[in-house]
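K.L.:
My structure is below; once you've seen it, I'll send some questions.
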Amino acid sequence: MINKTVHHAADALHDITDGMTLLLGGFGLCGIPENCIRELVRKGVTNLTCISNNAGVDDFGIGMLLRNRQVAKMIASYVGENAEFERQLLSGELEVELVPQGTLATRCLAAGYGMPAVFTPAGVGTEVAEGKEVRRFHGRDYLMEMAFDADFALVKAWKGDTAGNLIYRMTARNFNPVMAMAGKITVAEVEELVEAGTLDPDQIHTPGIYVHRIFQGVDYEKRIEQRTVRQKA
Amino acid sequence: MMLDKNGIAKRIAREISDGYYVNLGIGIPTLVANYIPNDIHVVLQSENGLLGMGAFPIEGEEDPDLINAGKQTITMQPGAAVFDSAMSFGMIRSQKVDLTILGAMEVSEYGDIANWKIPGKMVKGMGGAMDLVASAKRIIVAMQQVNKAGESKLLPECSLPLTGVRCINRIVTEMAVFEVDTEAGGFRLLERAPGVSVEEIRNATAGKFIAAGDEPEMVL
């Protein structure tokens, strides 16, 4: 049986170098590859292009890479929770491409499905459409959006097996499955790594063929961004 | 009497029918969930990948793996389903979601909306708003009629970068309910907040204002 297991994040990311393009799963701080991000900070690789829905917060998630000036370009849909990001953006230190959230997800999907481009109505008539081909189908305009071309995808799953099969938990799924499909090399970190054959094939969200390296993550903080609760009735 | 945020949310809740799938944006739209009548069944979609969003969790039961699109901890209702971000926007793009409710900085008399960027000042990004307004079957905007400087946010044309073009059907503000004529252009007054006159609303509307003069007060 094919075994995709590596020991830890340092093994999994050993060949990430300056200037590479990375897809990073997660929505806000939910379902982010915490171990991989920590390792990128430790390695100190720079000039990265990071594609992720958000940019973390000032001291956690991708925010740690931004604070270290390791990111040259950020491709994201919403960056409102990160003051350092906004500062670097407004001062011109950081190149930013803002992409509608559905377009971001679908550009990952296209890469994972082997399609060069997709057409979406999101952004027609706005500055997102600038420089893009517009095609008319059934009387409506659509933008042509290109599949992402990323060197690595770094994703986080709940459970995984040694063959690279992944299962996500609740809304920590978000962008992880579509990004897992889209990397030239996909690295998955999981909370629980089990032997291949242990997981029910019917329950697999990401088949192992998309995953090149998998490891058991450690020390998950799983920080909550907006803790909202109600009182017991 | 001008409505407060909860008043706006309460009025918008009356636009929701039994069996609807609804996407609620951040801010006032989130409050709408508190006013959905108990006798109708509605499924709330959260674009980070959930159908069947429930109330906030009881203190101590928060789960970092379960949040809404505003990154708030939430719960799931019985019958909920989770899915990835591509499928989430797939169901939005293919118009499976019946109603979208979101906030705005500006709306034009043709139903253009701006809500994601103030050049040189604020760049938070569009999140899912551009996808939602481009595809939704029906969109209601919850917003203040005037900004902090007292200027109308209902304009002949948006001055800020657009989120979407000719897409807003209805607007609920602290003063009024409007239907937007995306063909001929114009904010058609439907209802007034209790005690607010047509003239007051006209004076707070910079774009083309259409009213017969006998528009009723809202029932809240």
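Letters A, B, ... mark the chains of the structure tokens in the order given; residue numbers begin at 1 per chain; ligand numbers begin at 1, in order shown.
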Can you pull out every residue within 8 Å of A:Tyr78, counting only C-alpha atoms, but drop anything in the same chain fewer than 2 positions away, and send it as a list in words?
P.N.:
Asn53, Asn54, Ala55, Ala76, Gly80, Leu98 and Gln101 of chain A; Lys124, Gly125, Met126 and Gly127 of chain B
K.L.:
If you keep N, CA, C and O atoms, can you produce a file of those selected residues as a PDB file, in the first residue's frame?
P.N.:
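Output saved as again_4.pdb:
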ATOM      1  N   ASN A  53      -8.428  32.196   2.041  1.00  0.00           N
ATOM      2  CA  ASN A  53      -9.614  33.059   2.107  1.00  0.00           C
ATOM      3  C   ASN A  53      -9.367  34.310   2.934  1.00  0.00           C
ATOM      4  O   ASN A  53      -9.832  35.391   2.609  1.00  0.00           O
ATOM      5  N   ASN A  54      -8.618  34.155   4.034  1.00  0.00           N
ATOM      6  CA  ASN A  54      -8.346  35.281   4.937  1.00  0.00           C
ATOM      7  C   ASN A  54      -6.847  35.342   5.190  1.00  0.00           C
ATOM      8  O   ASN A  54      -6.102  34.481   4.753  1.00  0.00           O
ATOM      9  N   ALA A  55      -6.444  36.353   5.938  1.00  0.00           N
ATOM     10  CA  ALA A  55      -5.011  36.548   6.190  1.00  0.00           C
ATOM     11  C   ALA A  55      -4.684  36.382   7.667  1.00  0.00           C
ATOM     12  O   ALA A  55      -3.701  36.920   8.163  1.00  0.00           O
ATOM     13  N   ALA A  76      -6.730  36.746  -1.512  1.00  0.00           N
ATOM     14  CA  ALA A  76      -7.708  36.444  -0.469  1.00  0.00           C
ATOM     15  C   ALA A  76      -9.035  37.113  -0.815  1.00  0.00           C
ATOM     16  O   ALA A  76      -9.116  37.945  -1.717  1.00  0.00           O
ATOM     17  N   GLY A  80     -10.286  41.645   6.694  1.00  0.00           N
ATOM     18  CA  GLY A  80     -10.668  42.695   7.641  1.00  0.00           C
ATOM     19  C   GLY A  80     -10.217  42.500   9.075  1.00  0.00           C
ATOM     20  O   GLY A  80     -10.314  43.422   9.869  1.00  0.00           O
ATOM     21  N   LEU A  98      -7.593  40.853  -4.352  1.00  0.00           N
ATOM     22  CA  LEU A  98      -8.820  40.470  -3.667  1.00  0.00           C
ATOM     23  C   LEU A  98      -9.737  39.767  -4.660  1.00  0.00           C
ATOM     24  O   LEU A  98      -9.979  40.266  -5.752  1.00  0.00           O
ATOM     25  N   GLN A 101     -15.168  35.385  -2.837  1.00  0.00           N
ATOM     26  CA  GLN A 101     -14.960  34.116  -2.131  1.00  0.00           C
ATOM     27  C   GLN A 101     -15.346  32.890  -2.972  1.00  0.00           C
ATOM     28  O   GLN A 101     -14.631  31.884  -2.974  1.00  0.00           O
TER      29      GLN A 101
ATOM     30  N   LYS B 124     -11.263  45.878   3.201  1.00  0.00           N
ATOM     31  CA  LYS B 124     -11.452  44.624   3.924  1.00  0.00           C
ATOM     32  C   LYS B 124     -11.664  43.467   2.971  1.00  0.00           C
ATOM     33  O   LYS B 124     -11.462  42.323   3.322  1.00  0.00           O
ATOM     34  N   GLY B 125     -12.080  43.782   1.768  1.00  0.00           N
ATOM     35  CA  GLY B 125     -12.358  42.727   0.805  1.00  0.00           C
ATOM     36  C   GLY B 125     -13.837  42.470   0.682  1.00  0.00           C
ATOM     37  O   GLY B 125     -14.626  42.872   1.534  1.00  0.00           O
ATOM     38  N   MET B 126     -14.196  41.781  -0.387  1.00  0.00           N
ATOM     39  CA  MET B 126     -15.612  41.556  -0.679  1.00  0.00           C
ATOM     40  C   MET B 126     -16.144  40.292  -0.033  1.00  0.00           C
ATOM     41  O   MET B 126     -17.349  40.096   0.017  1.00  0.00           O
ATOM     42  N   GLY B 127     -15.254  39.431   0.475  1.00  0.00           N
ATOM     43  CA  GLY B 127     -15.733  38.157   1.004  1.00  0.00           C
ATOM     44  C   GLY B 127     -16.629  37.476  -0.011  1.00  0.00           C
ATOM     45  O   GLY B 127     -16.277  37.417  -1.199  1.00  0.00           O
TER      46      GLY B 127
END
K.L.:
Counting only C-alpha atoms, what is within 7 Å of B:Glu47, bar same-chain residues fewer than 5 positions away, as a ChimeraX atom specification?
P.N.:
/B:69,88-89
K.L.:
For B:Leu189, list every protein, DNA or RNA residue within 7 Å, evaluated using only C-alpha atoms, and leave out those in the same chain fewer than 2 positions away; present the list as a PyMOL selection string.
P.N.:
chain B and resi 177-179+187+191+210-211
K.L.:
Counting only C-alpha atoms, figure out which residue out of A:Leu40, A:Val99, A:Ala150, A:Leu48 gets nearest to A:Met64.
P.N.:
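The answer is A:Leu40, which sits nearest to A:Met64.
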K.L.:
Only residues of chain B matter here; which ones have an atom within 8 Å of chain A, counting only C-alpha atoms? Give them as a PyMOL selection string.
P.N.:
chain B and resi 48-50+56-59+62+64-67+70-74+82-86+88-90+120-135+161-165
K.L.:
For those residues, write N, CA and C atoms to a file as a compact mmCIF listing (two decimals), in the first residue's frame.
P.N.:
# COMPACT_ATOMS: atom_id res chain seq x y z
N ASN B 48 -19.52 29.83 4.66
CA ASN B 48 -18.32 29.05 4.94
C ASN B 48 -18.59 27.55 4.89
N GLY B 49 -19.85 27.16 4.67
CA GLY B 49 -20.11 25.75 4.40
C GLY B 49 -21.09 25.07 5.31
N LEU B 50 -22.24 25.72 5.56
CA LEU B 50 -23.22 25.12 6.47
C LEU B 50 -24.64 25.50 6.07
N PHE B 56 -26.40 30.80 18.89
CA PHE B 56 -25.08 30.76 19.53
C PHE B 56 -25.08 29.62 20.55
N PRO B 57 -23.91 29.01 20.81
CA PRO B 57 -23.86 27.91 21.78
C PRO B 57 -24.02 28.42 23.21
N ILE B 58 -24.46 27.52 24.08
CA ILE B 58 -24.48 27.82 25.51
C ILE B 58 -23.04 27.92 25.99
N GLU B 59 -22.80 28.87 26.86
CA GLU B 59 -21.44 29.11 27.34
C GLU B 59 -20.78 27.81 27.79
N GLU B 62 -18.89 26.07 23.22
CA GLU B 62 -18.36 26.58 21.95
C GLU B 62 -17.42 25.54 21.35
N PRO B 64 -14.50 25.31 18.34
CA PRO B 64 -13.75 26.11 17.36
C PRO B 64 -13.92 25.62 15.92
N ASP B 65 -14.40 24.40 15.74
CA ASP B 65 -14.63 23.87 14.38
C ASP B 65 -16.01 24.24 13.84
N LEU B 66 -16.79 25.00 14.60
CA LEU B 66 -18.15 25.31 14.16
C LEU B 66 -18.41 26.81 14.28
N ILE B 67 -18.23 27.50 13.15
CA ILE B 67 -18.42 28.95 13.12
C ILE B 67 -19.28 29.34 11.93
N GLY B 70 -19.28 35.04 9.82
CA GLY B 70 -18.74 36.16 10.58
C GLY B 70 -17.72 35.70 11.61
N LYS B 71 -17.32 34.43 11.52
CA LYS B 71 -16.34 33.79 12.41
C LYS B 71 -16.85 33.67 13.85
N GLN B 72 -18.16 33.77 14.04
CA GLN B 72 -18.74 33.61 15.37
C GLN B 72 -19.01 32.14 15.65
N THR B 73 -18.84 31.73 16.92
CA THR B 73 -19.20 30.36 17.29
C THR B 73 -20.72 30.22 17.22
N ILE B 74 -21.17 29.09 16.69
CA ILE B 74 -22.60 28.85 16.48
C ILE B 74 -22.92 27.40 16.82
N VAL B 82 -23.02 20.05 6.37
CA VAL B 82 -21.81 20.83 6.11
C VAL B 82 -21.21 20.41 4.77
N PHE B 83 -20.48 21.33 4.16
CA PHE B 83 -19.93 21.10 2.82
C PHE B 83 -18.77 22.07 2.63
N ASP B 84 -18.07 21.91 1.51
CA ASP B 84 -16.90 22.76 1.28
C ASP B 84 -17.30 24.09 0.65
N SER B 85 -16.34 25.00 0.55
CA SER B 85 -16.59 26.36 0.07
C SER B 85 -17.04 26.39 -1.39
N ALA B 86 -16.53 25.48 -2.21
CA ALA B 86 -16.92 25.49 -3.62
C ALA B 86 -18.40 25.09 -3.77
N SER B 88 -20.62 25.45 -1.45
CA SER B 88 -21.39 26.52 -0.83
C SER B 88 -21.74 27.60 -1.85
N PHE B 89 -20.74 28.00 -2.64
CA PHE B 89 -21.00 29.01 -3.65
C PHE B 89 -21.64 28.42 -4.89
N GLY B 90 -21.52 27.11 -5.06
CA GLY B 90 -22.25 26.44 -6.13
C GLY B 90 -23.75 26.57 -5.92
N GLY B 120 -8.21 54.01 -0.44
CA GLY B 120 -7.25 54.73 0.38
C GLY B 120 -7.51 54.69 1.86
N LYS B 121 -8.68 54.17 2.27
CA LYS B 121 -9.05 54.19 3.70
C LYS B 121 -9.32 52.81 4.26
N MET B 122 -10.16 52.09 3.60
CA MET B 122 -10.60 50.81 4.16
C MET B 122 -10.65 49.78 3.04
N VAL B 123 -9.88 48.72 3.21
CA VAL B 123 -9.93 47.63 2.25
C VAL B 123 -10.05 46.34 3.03
N LYS B 124 -11.26 45.88 3.20
CA LYS B 124 -11.45 44.62 3.92
C LYS B 124 -11.66 43.47 2.97
N GLY B 125 -12.08 43.78 1.77
CA GLY B 125 -12.36 42.73 0.81
C GLY B 125 -13.84 42.47 0.68
N MET B 126 -14.20 41.78 -0.39
CA MET B 126 -15.61 41.56 -0.68
C MET B 126 -16.14 40.29 -0.03
N GLY B 127 -15.25 39.43 0.48
CA GLY B 127 -15.73 38.16 1.00
C GLY B 127 -16.63 37.48 -0.01
N GLY B 128 -17.80 37.03 0.43
CA GLY B 128 -18.72 36.36 -0.48
C GLY B 128 -19.75 37.29 -1.10
N ALA B 129 -19.66 38.60 -0.79
CA ALA B 129 -20.73 39.51 -1.21
C ALA B 129 -20.89 39.60 -2.72
N MET B 130 -19.78 39.63 -3.45
CA MET B 130 -19.88 39.76 -4.92
C MET B 130 -20.55 38.54 -5.54
N ASP B 131 -20.23 37.37 -5.02
CA ASP B 131 -20.85 36.14 -5.52
C ASP B 131 -22.35 36.15 -5.21
N LEU B 132 -22.67 36.57 -3.99
CA LEU B 132 -24.07 36.57 -3.56
C LEU B 132 -24.90 37.54 -4.39
N VAL B 133 -24.43 38.78 -4.56
CA VAL B 133 -25.26 39.76 -5.27
C VAL B 133 -25.33 39.46 -6.77
N ALA B 134 -24.32 38.78 -7.31
CA ALA B 134 -24.34 38.47 -8.74
C ALA B 134 -25.34 37.37 -9.07
N SER B 135 -25.66 36.54 -8.09
CA SER B 135 -26.45 35.34 -8.41
C SER B 135 -27.77 35.20 -7.66
N PRO B 161 -16.41 51.96 -5.02
CA PRO B 161 -16.28 50.80 -5.93
C PRO B 161 -17.45 49.83 -5.76
N LEU B 162 -17.99 49.38 -6.87
CA LEU B 162 -19.20 48.55 -6.83
C LEU B 162 -18.94 47.12 -6.37
N THR B 163 -19.95 46.56 -5.74
CA THR B 163 -19.95 45.13 -5.41
C THR B 163 -20.74 44.37 -6.47
N GLY B 164 -21.80 45.00 -6.97
CA GLY B 164 -22.64 44.39 -8.00
C GLY B 164 -23.49 45.43 -8.68
N VAL B 165 -23.99 45.06 -9.86
CA VAL B 165 -24.71 45.99 -10.71
C VAL B 165 -26.17 45.56 -10.85
K.L.:
Just the residues within 7 Å of B:Asp112, please, counting only C-alpha atoms, with nothing from its chain fewer than 4 positions along; format it as a PyMOL selection string.
P.N.:
chain B and resi 107-108+164-168
K.L.:
Write out as a short mmCIF file (atom, residue, chain, number, x, y, z; two decimals) with N, CA and C atoms, in the first residue's frame all residues of stretch 3-105 of chain A that DSSP puts in strand (DSSP E) for this structure's backbone.
P.N.:
data_model
loop_
_atom_site.label_atom_id
_atom_site.label_comp_id
_atom_site.auth_asym_id
_atom_site.auth_seq_id
_atom_site.Cartn_x
_atom_site.Cartn_y
_atom_site.Cartn_z
N THR A 21 4.41 29.70 -4.58
CA THR A 21 2.99 30.00 -4.40
C THR A 21 2.34 28.89 -3.58
N LEU A 22 1.68 29.29 -2.50
CA LEU A 22 1.09 28.32 -1.56
C LEU A 22 -0.41 28.55 -1.42
N LEU A 23 -1.17 27.48 -1.45
CA LEU A 23 -2.59 27.53 -1.07
C LEU A 23 -2.67 27.11 0.39
N LEU A 24 -3.39 27.88 1.20
CA LEU A 24 -3.54 27.53 2.62
C LEU A 24 -5.02 27.44 2.97
N LEU A 48 6.86 34.84 -0.56
CA LEU A 48 5.81 33.86 -0.86
C LEU A 48 4.58 34.54 -1.45
N THR A 49 3.89 33.83 -2.32
CA THR A 49 2.53 34.20 -2.69
C THR A 49 1.60 33.26 -1.93
N CYS A 50 0.76 33.81 -1.09
CA CYS A 50 -0.16 32.99 -0.29
C CYS A 50 -1.58 33.18 -0.79
N ILE A 51 -2.24 32.07 -1.06
CA ILE A 51 -3.64 32.09 -1.47
C ILE A 51 -4.45 31.47 -0.34
N VAL A 71 5.61 37.31 3.20
CA VAL A 71 4.62 37.25 2.12
C VAL A 71 4.81 38.45 1.19
N ALA A 72 5.01 38.18 -0.10
CA ALA A 72 5.13 39.26 -1.08
C ALA A 72 3.76 39.58 -1.68
N LYS A 73 2.95 38.54 -1.84
CA LYS A 73 1.63 38.73 -2.44
C LYS A 73 0.61 37.86 -1.73
N MET A 74 -0.54 38.46 -1.46
CA MET A 74 -1.63 37.74 -0.80
C MET A 74 -2.83 37.74 -1.74
N ILE A 75 -3.39 36.57 -1.95
CA ILE A 75 -4.62 36.44 -2.72
C ILE A 75 -5.69 35.94 -1.75
N ALA A 76 -6.73 36.75 -1.51
CA ALA A 76 -7.71 36.44 -0.47
C ALA A 76 -9.04 37.11 -0.81
N GLU A 95 1.68 43.18 -2.05
CA GLU A 95 0.79 43.13 -3.21
C GLU A 95 -0.42 42.28 -2.84
N VAL A 96 -1.59 42.75 -3.19
CA VAL A 96 -2.81 42.04 -2.80
C VAL A 96 -3.75 41.90 -3.99
N GLU A 97 -4.26 40.70 -4.16
CA GLU A 97 -5.33 40.48 -5.14
C GLU A 97 -6.55 40.02 -4.36
N LEU A 98 -7.59 40.85 -4.35
CA LEU A 98 -8.82 40.47 -3.67
C LEU A 98 -9.74 39.77 -4.66
#
K.L.:
Give me the residues near B:Pro37 as number ranges by chain, where near means some atom within 10 Å (using only C-alpha atoms) and where sequence neighbours in that chain fewer than 5 positions away do not count.
P.N.:
B: 13-14, 16-18, 42
K.L.:
For the selection just defined, write its residues with C-alpha atoms to a file, as a compact mmCIF listing (two decimals), in the first residue's frame.
P.N.:
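Writing the result to again_8.txt gives the following:
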# COMPACT_ATOMS: atom_id res chain seq x y z
CA ALA B 13 -37.87 39.07 9.08
CA ARG B 14 -41.38 39.60 7.68
CA ILE B 16 -39.07 35.51 4.94
CA SER B 17 -41.52 32.76 4.01
CA ASP B 18 -41.96 29.17 5.12
CA VAL B 42 -36.38 28.37 7.45
K.L.:
What is the atom CA of B:Thr173 to atom CA of B:Val22 distance in Å?
P.N.:
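The value is 19.5 Å.
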K.L.:
List every residue of stretch 112-191 of chain A that DSSP, applied to the backbone of this structure, places in alpha helix (DSSP H), and write the result as a JSON list (two decimals) with C-alpha atoms, in the first residue's frame.
P.N.:
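The result, written out as part.json:
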[["chain", "number", "residue", "atom", "x", "y", "z"],
["A", 112, "GLY", "CA", -8.32, 20.03, -8.99],
["A", 113, "TYR", "CA", -10.71, 19.07, -11.78],
["A", 176, "ASN", "CA", -9.50, 22.55, 2.69],
["A", 177, "PRO", "CA", -10.97, 19.95, 0.28],
["A", 178, "VAL", "CA", -10.80, 22.19, -2.79],
["A", 179, "MET", "CA", -7.30, 23.39, -1.98],
["A", 180, "ALA", "CA", -6.18, 19.81, -1.33]]
K.L.:
Would you compute the distance between atom CA of B:Gly54 and atom CA of B:Asn6? Give it in Å to one decimal.
P.N.:
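Atom CA of B:Gly54 sits 18.7 Å away from atom CA of B:Asn6.
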K.L.:
Which residue gives the smallest distance to B:Ala114 among B:Cys158, B:Val97, B:Val141, B:Ala176, with only C-alpha atoms counted?
P.N.:
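For B:Ala114, the nearest of the candidates is B:Cys158.
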K.L.:
What is the distance, in Å and to one decimal place, between atom CA of A:Ala117 and atom CA of B:Ser94?
P.N.:
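Interatomic distance, atom CA of A:Ala117 to atom CA of B:Ser94: 18.0 Å.
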